[in-house]
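Here is data-v7.tsv, consisting of TSV, C-alpha atoms:
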```tsv
chain	number	residue	atom	x	y	z
L	1	MET	CA	167.51	156.60	178.97
L	2	PRO	CA	165.19	158.87	180.95
L	3	HIS	CA	166.86	160.94	183.65
L	4	THR	CA	164.76	160.63	186.77
L	5	PRO	CA	164.66	163.34	189.46
L	6	ASP	CA	166.16	160.74	191.82
L	7	LEU	CA	169.27	160.47	189.70
L	8	LEU	CA	169.49	164.27	189.38
L	9	PHE	CA	169.11	164.80	193.12
L	10	ARG	CA	171.63	162.09	193.95
L	11	THR	CA	174.08	163.48	191.43
L	12	LEU	CA	173.76	167.06	192.70
L	13	ALA	CA	173.76	166.08	196.38
L	14	ASP	CA	177.56	165.83	196.44
L	15	PRO	CA	178.99	169.31	197.22
L	16	THR	CA	182.15	168.89	195.10
L	17	ARG	CA	180.15	167.61	192.15
L	18	ARG	CA	177.63	170.42	192.57
L	19	ALA	CA	180.47	172.96	192.66
L	20	ILE	CA	181.85	171.56	189.41
L	21	PHE	CA	178.42	171.72	187.80
L	22	GLU	CA	177.79	175.26	189.08
L	23	ARG	CA	181.12	176.35	187.68
L	24	LEU	CA	180.17	174.98	184.26
L	25	CYS	CA	176.82	176.77	184.49
L	26	ARG	CA	178.54	180.01	185.44
L	27	ASP	CA	181.62	180.03	183.27
L	28	GLY	CA	180.64	177.97	180.25
L	29	GLU	CA	182.74	175.27	178.62
L	30	GLN	CA	185.79	174.10	180.60
L	31	THR	CA	188.54	171.49	180.37
L	32	VAL	CA	189.25	169.00	183.17
L	33	VAL	CA	192.62	170.66	183.71
L	34	ALA	CA	191.05	174.10	184.18
L	35	MET	CA	188.45	172.72	186.58
L	36	THR	CA	191.00	170.74	188.59
L	37	ALA	CA	192.95	173.94	189.24
L	38	LEU	CA	189.98	175.38	191.13
L	39	ALA	CA	188.13	172.34	192.48
L	40	GLY	CA	190.62	171.58	195.27
L	41	VAL	CA	190.60	167.87	194.41
L	42	SER	CA	192.77	165.70	192.13
L	43	GLN	CA	192.30	165.48	188.38
L	44	PRO	CA	191.11	161.82	188.54
L	45	ALA	CA	188.52	162.90	191.14
L	46	VAL	CA	187.30	165.73	188.90
L	47	SER	CA	187.13	163.32	185.95
L	48	LYS	CA	185.13	160.86	188.02
L	49	HIS	CA	182.66	163.57	189.07
L	50	LEU	CA	182.31	164.68	185.44
L	51	GLY	CA	181.60	161.08	184.46
L	52	ILE	CA	178.80	160.89	187.00
L	53	LEU	CA	177.42	164.27	185.86
L	54	LYS	CA	177.53	163.00	182.28
L	55	ARG	CA	175.59	159.85	183.18
L	56	ALA	CA	172.90	162.04	184.72
L	57	GLY	CA	172.79	164.05	181.49
L	58	LEU	CA	173.98	167.18	183.29
L	59	VAL	CA	177.13	167.68	181.21
L	60	ARG	CA	178.21	166.95	177.64
L	61	ASP	CA	181.80	166.34	176.58
L	62	ARG	CA	183.60	167.34	173.42
L	63	HIS	CA	187.00	165.97	172.47
L	64	ALA	CA	189.47	168.36	170.86
L	65	GLY	CA	192.98	167.02	170.43
L	66	ARG	CA	194.19	165.70	173.78
L	67	GLN	CA	191.75	167.80	175.73
L	68	THR	CA	188.17	167.05	176.67
L	69	HIS	CA	185.89	170.05	177.06
L	70	TYR	CA	182.77	169.89	179.22
L	71	THR	CA	179.55	171.92	178.94
L	72	ALA	CA	176.61	172.10	181.36
L	73	GLN	CA	173.32	170.74	179.99
L	74	LEU	CA	170.71	172.90	181.71
L	75	GLU	CA	167.86	171.08	179.94
L	76	ALA	CA	168.63	168.07	182.15
L	77	LEU	CA	167.30	170.06	185.11
L	78	ALA	CA	163.78	170.09	183.68
L	79	PRO	CA	162.52	167.29	186.01
L	80	LEU	CA	163.30	169.56	188.95
L	81	VAL	CA	160.64	171.93	187.66
L	82	ASP	CA	158.11	169.63	189.30
L	83	TRP	CA	159.70	170.38	192.68
L	84	THR	CA	156.98	172.82	193.78
L	85	LYS	CA	154.25	170.35	192.88
L	86	GLN	CA	155.96	167.55	194.77
L	87	MET	CA	156.56	169.70	197.83
L	88	ALA	CA	152.96	170.93	197.84
L	89	GLY	CA	151.81	167.29	197.94
L	90	PHE	CA	154.30	166.53	200.71
L	91	TRP	CA	153.08	169.42	202.89
L	92	GLU	CA	149.37	168.68	202.29
L	93	GLY	CA	150.02	165.19	203.65
L	94	ARG	CA	151.91	166.58	206.65
L	95	PHE	CA	149.09	169.00	207.42
L	96	ASP	CA	146.75	165.98	207.60
L	97	HIS	CA	149.11	164.28	210.06
L	98	LEU	CA	149.37	167.50	212.07
L	99	GLU	CA	145.58	167.72	212.39
L	100	ASP	CA	145.46	164.08	213.51
L	101	LEU	CA	148.07	164.81	216.15
L	102	LEU	CA	146.20	167.91	217.40
L	103	LYS	CA	143.07	165.78	217.86
L	104	ARG	CA	145.01	163.23	219.87
L	105	MET	CA	146.63	165.97	221.98
L	106	ASP	CA	143.09	166.84	223.11
L	107	GLN	CA	142.53	163.51	224.75
V	108	MET	CA	166.22	186.96	189.66
V	109	THR	CA	162.96	188.55	190.73
V	110	GLU	CA	160.87	185.40	190.78
V	111	THR	CA	161.27	182.60	193.28
V	112	ARG	CA	159.79	179.16	193.46
V	113	SER	CA	157.32	178.99	196.26
V	114	VAL	CA	154.90	176.49	197.78
V	115	VAL	CA	152.05	177.69	200.00
V	116	VAL	CA	149.77	175.41	202.00
V	117	GLU	CA	147.10	177.03	204.19
V	118	ARG	CA	144.45	175.56	206.41
V	119	GLU	CA	141.87	176.60	208.97
V	120	ILE	CA	142.47	174.53	212.08
V	121	ALA	CA	140.00	174.27	214.96
V	122	TYR	CA	142.64	174.70	217.66
V	123	PRO	CA	144.25	177.78	219.20
V	124	PRO	CA	147.72	178.97	218.05
V	125	GLU	CA	149.30	178.00	221.38
V	126	LYS	CA	148.47	174.35	220.86
V	127	ILE	CA	149.59	174.29	217.22
V	128	TRP	CA	152.80	176.05	218.27
V	129	ARG	CA	153.60	173.12	220.57
V	130	ALA	CA	153.14	170.68	217.70
V	131	LEU	CA	155.43	172.81	215.51
V	132	THR	CA	158.23	173.25	218.05
V	133	GLN	CA	158.46	170.24	220.40
V	134	PRO	CA	160.63	167.48	218.84
V	135	HIS	CA	158.56	164.57	220.21
V	136	LEU	CA	155.44	166.16	218.67
V	137	ILE	CA	157.16	167.23	215.43
V	138	GLU	CA	158.24	163.62	214.96
V	139	ASP	CA	154.61	162.52	215.11
V	140	TRP	CA	153.47	164.51	212.06
V	141	LEU	CA	156.62	165.55	210.19
V	142	MET	CA	159.96	163.87	210.90
V	143	LYS	CA	162.45	163.06	213.61
V	144	SER	CA	164.58	166.07	214.46
V	145	ASP	CA	166.80	167.79	217.00
V	146	PHE	CA	164.87	171.03	216.57
V	147	ALA	CA	164.98	173.72	219.25
V	148	PRO	CA	163.08	177.04	218.99
V	149	VAL	CA	166.29	179.09	219.12
V	150	VAL	CA	167.43	181.42	216.32
V	151	ASP	CA	170.59	180.15	214.57
V	152	HIS	CA	170.14	176.63	215.96
V	153	ASP	CA	171.26	174.07	213.36
V	154	PHE	CA	169.20	170.92	213.21
V	155	THR	CA	168.36	167.97	210.99
V	156	PHE	CA	165.11	166.34	209.99
V	157	ARG	CA	165.54	162.63	209.37
V	158	GLY	CA	163.12	160.65	207.25
V	159	ASP	CA	163.16	157.18	205.72
V	160	TRP	CA	164.27	158.69	202.43
V	161	GLY	CA	167.07	160.91	203.71
V	162	SER	CA	167.70	163.99	205.79
V	163	VAL	CA	167.06	167.72	205.63
V	164	ASP	CA	169.61	170.22	206.95
V	165	CYS	CA	168.05	173.21	208.64
V	166	ARG	CA	168.80	176.37	210.59
V	167	VAL	CA	166.30	178.31	212.65
V	168	LEU	CA	165.84	181.83	211.25
V	169	GLU	CA	162.91	183.26	213.18
V	170	VAL	CA	160.96	182.39	216.32
V	171	GLU	CA	157.92	184.46	217.35
V	172	PRO	CA	156.10	182.28	219.88
V	173	HIS	CA	152.53	181.35	218.85
V	174	SER	CA	152.80	183.48	215.72
V	175	SER	CA	155.64	182.67	213.33
V	176	LEU	CA	158.51	180.26	212.84
V	177	ALA	CA	161.02	180.06	209.99
V	178	TYR	CA	163.86	177.72	209.18
V	179	THR	CA	166.05	176.94	206.21
V	180	TRP	CA	165.36	173.64	204.48
V	181	GLY	CA	168.19	172.13	202.49
V	182	ALA	CA	167.40	168.83	200.82
V	183	MET	CA	167.60	167.05	197.50
V	184	GLY	CA	170.01	169.59	196.07
V	185	LEU	CA	167.73	172.58	196.62
V	186	GLU	CA	167.92	175.27	199.28
V	187	SER	CA	164.75	176.85	200.58
V	188	VAL	CA	163.14	178.54	203.58
V	189	VAL	CA	160.07	177.18	205.35
V	190	THR	CA	157.96	179.79	207.17
V	191	TRP	CA	155.03	178.97	209.41
V	192	THR	CA	152.50	181.70	210.24
V	193	LEU	CA	149.77	181.26	212.85
V	194	THR	CA	146.89	183.74	212.87
V	195	PRO	CA	144.15	183.43	215.49
V	196	THR	CA	140.61	183.28	214.11
V	197	ALA	CA	137.16	183.02	215.70
V	198	ALA	CA	137.15	179.27	215.07
V	199	GLY	CA	140.79	178.56	215.92
V	200	THR	CA	143.82	179.29	213.80
V	201	HIS	CA	144.66	180.05	210.21
V	202	LEU	CA	147.87	178.07	209.66
V	203	ARG	CA	150.03	178.97	206.69
V	204	MET	CA	153.19	177.25	205.50
V	205	GLU	CA	155.27	178.87	202.81
V	206	GLN	CA	158.35	177.21	201.36
V	207	THR	CA	160.33	179.60	199.23
V	208	GLY	CA	163.34	179.03	197.04
V	209	PHE	CA	166.36	181.09	197.74
V	210	ARG	CA	166.40	184.79	196.88
V	211	PRO	CA	169.49	187.02	196.75
V	212	ASP	CA	168.10	189.32	199.44
V	213	GLN	CA	167.98	186.41	201.86
V	214	GLU	CA	171.70	185.88	201.66
V	215	GLN	CA	172.39	187.26	205.11
V	216	ALA	CA	169.62	185.22	206.65
V	217	TYR	CA	170.98	182.05	205.19
V	218	GLN	CA	174.68	181.93	205.89
V	219	GLY	CA	175.24	178.48	204.49
V	220	ALA	CA	174.19	179.48	201.01
V	221	LYS	CA	176.64	179.87	198.22
V	222	ILE	CA	176.64	182.59	195.59
V	223	GLY	CA	177.05	179.92	192.93
V	224	TRP	CA	173.85	178.28	194.01
V	225	ARG	CA	171.89	181.48	193.35
V	226	ASN	CA	173.35	181.64	189.87
V	227	PHE	CA	172.39	178.04	189.40
V	228	LEU	CA	168.81	178.73	190.48
V	229	ALA	CA	168.69	181.81	188.26
V	230	LYS	CA	169.70	179.64	185.32
V	231	LEU	CA	167.19	177.04	186.39
V	232	GLU	CA	164.50	179.73	186.28
V	233	GLN	CA	165.53	180.51	182.71
V	234	VAL	CA	165.19	176.86	181.79
V	235	VAL	CA	161.76	176.76	183.37
V	236	ALA	CA	160.73	179.96	181.61
V	237	ARG	CA	161.66	178.46	178.26
V	238	ASP	CA	159.46	175.41	178.76
```
Could you express the structure from this file as structure tokens?
Amino acid sequence: MPHTPDLLFRTLADPTRRAIFERLCRDGEQTVVAMTALAGVSQPAVSKHLGILKRAGLVRDRHAGRQTHYTAQLEALAPLVDWTKQMAGFWEGRFDHLEDLLKRMDQ
Amino acid sequence: MTETRSVVVEREIAYPPEKIWRALTQPHLIEDWLMKSDFAPVVDHDFTFRGDWGSVDCRVLEVEPHSSLAYTWGAMGLESVVTWTLTPTAAGTHLRMEQTGFRPDQEQAYQGAKIGWRNFLAKLEQVVARD
């Protein structure tokens, strides 16, 4: 299943979820228990966030005994690389609107 | 991280800086060409742009009437700074918009930023560099 930028943006828009993802980027593989200790939310909430991150392809899980370990998947961020291109298109369009407005302000 | 992600759009506009400045700073005019907002040209003023697709959280960083305007732009999971520069020319104004991803040396300017986010962007840069 392709991971669209929309899904990535929606997934990373939540501050708690982003914090969990950032922590995995920063500190490497973690268990739910270890992350719960620092996330300031309950273990079921952390698990739910990890599930959503997993669906977006941003984390991978590995089962070892009774523990599940999670790792950040930085490759999933690749669609965001197009950000500059998208924003350039956005601003070009807005510049056009701005020029239209300036013309109307003349009248 | 020495490199940042940056978007620059520049245009020669056949109107004086004073007029363009109004369009950049008066909410009823900003709404016409950009988005609805509660912008005010006051440093540290927090405001929001609202579009059909969502909203952008901003804070005014710099206001130099008729010459430059900068605000943070937080949307879609990425933090950046938008800087407008107006330079008078014989025919009107050279208008430049630069949107720059977050750099460590801008930490003080952007109080809402998190250290973790910089690390995240640094890692993102590595991913991009590998592609």
Up to 12 Å from chain V, what residues of chain L turn up? Count all atoms listed in the file and give them as a CSV table (one decimal) with C-alpha atoms, in the coordinates of the input.
```
chain,number,residue,atom,x,y,z
L,5,PRO,CA,164.7,163.3,189.5
L,6,ASP,CA,166.2,160.7,191.8
L,7,LEU,CA,169.3,160.5,189.7
L,8,LEU,CA,169.5,164.3,189.4
L,9,PHE,CA,169.1,164.8,193.1
L,10,ARG,CA,171.6,162.1,194.0
L,11,THR,CA,174.1,163.5,191.4
L,12,LEU,CA,173.8,167.1,192.7
L,13,ALA,CA,173.8,166.1,196.4
L,14,ASP,CA,177.6,165.8,196.4
L,15,PRO,CA,179.0,169.3,197.2
L,17,ARG,CA,180.2,167.6,192.2
L,18,ARG,CA,177.6,170.4,192.6
L,19,ALA,CA,180.5,173.0,192.7
L,20,ILE,CA,181.8,171.6,189.4
L,21,PHE,CA,178.4,171.7,187.8
L,22,GLU,CA,177.8,175.3,189.1
L,23,ARG,CA,181.1,176.4,187.7
L,24,LEU,CA,180.2,175.0,184.3
L,25,CYS,CA,176.8,176.8,184.5
L,26,ARG,CA,178.5,180.0,185.4
L,27,ASP,CA,181.6,180.0,183.3
L,72,ALA,CA,176.6,172.1,181.4
L,73,GLN,CA,173.3,170.7,180.0
L,74,LEU,CA,170.7,172.9,181.7
L,75,GLU,CA,167.9,171.1,179.9
L,76,ALA,CA,168.6,168.1,182.2
L,77,LEU,CA,167.3,170.1,185.1
L,78,ALA,CA,163.8,170.1,183.7
L,79,PRO,CA,162.5,167.3,186.0
L,80,LEU,CA,163.3,169.6,189.0
L,81,VAL,CA,160.6,171.9,187.7
L,82,ASP,CA,158.1,169.6,189.3
L,83,TRP,CA,159.7,170.4,192.7
L,84,THR,CA,157.0,172.8,193.8
L,85,LYS,CA,154.2,170.4,192.9
L,86,GLN,CA,156.0,167.6,194.8
L,87,MET,CA,156.6,169.7,197.8
L,88,ALA,CA,153.0,170.9,197.8
L,89,GLY,CA,151.8,167.3,197.9
L,90,PHE,CA,154.3,166.5,200.7
L,91,TRP,CA,153.1,169.4,202.9
L,92,GLU,CA,149.4,168.7,202.3
L,93,GLY,CA,150.0,165.2,203.6
L,94,ARG,CA,151.9,166.6,206.6
L,95,PHE,CA,149.1,169.0,207.4
L,96,ASP,CA,146.8,166.0,207.6
L,97,HIS,CA,149.1,164.3,210.1
L,98,LEU,CA,149.4,167.5,212.1
L,99,GLU,CA,145.6,167.7,212.4
L,100,ASP,CA,145.5,164.1,213.5
L,101,LEU,CA,148.1,164.8,216.2
L,102,LEU,CA,146.2,167.9,217.4
L,103,LYS,CA,143.1,165.8,217.9
L,104,ARG,CA,145.0,163.2,219.9
L,105,MET,CA,146.6,166.0,222.0
L,106,ASP,CA,143.1,166.8,223.1
```
To one decimal in Å, tell me the separation between CA of Thr68 (chain L) and CA of Val32 (chain L).
6.9 Å
What does the distance from CA of Val170 (chain V) to CA of Ala198 (chain V) come to in Å, to one decimal?
24.0 Å
Edge lengths and centre, in Å to one decimal, as lines of an AutoDock Vina configuration file: that's what I need for the box along x, y and z that holds all listed atoms of region 186-205 of chain V plus 8 Å on each side.
```
center_x = 152.5
center_y = 179.5
center_z = 207.6
size_x = 46.8
size_y = 24.5
size_z = 32.6
```
Might you pull out every residue within 12 Å of Ser47 (chain L), with only C-alpha atoms counted and same-chain residues fewer than 3 positions away left off, and present them as a ChimeraX atom specification?
/L:16-17,20,31-36,39,41-44,50-54,59,61,68-70
Atomic distance CA of Leu58 (chain L) - CA of Thr155 (chain V), expressed in Å with one decimal:
28.3 Å
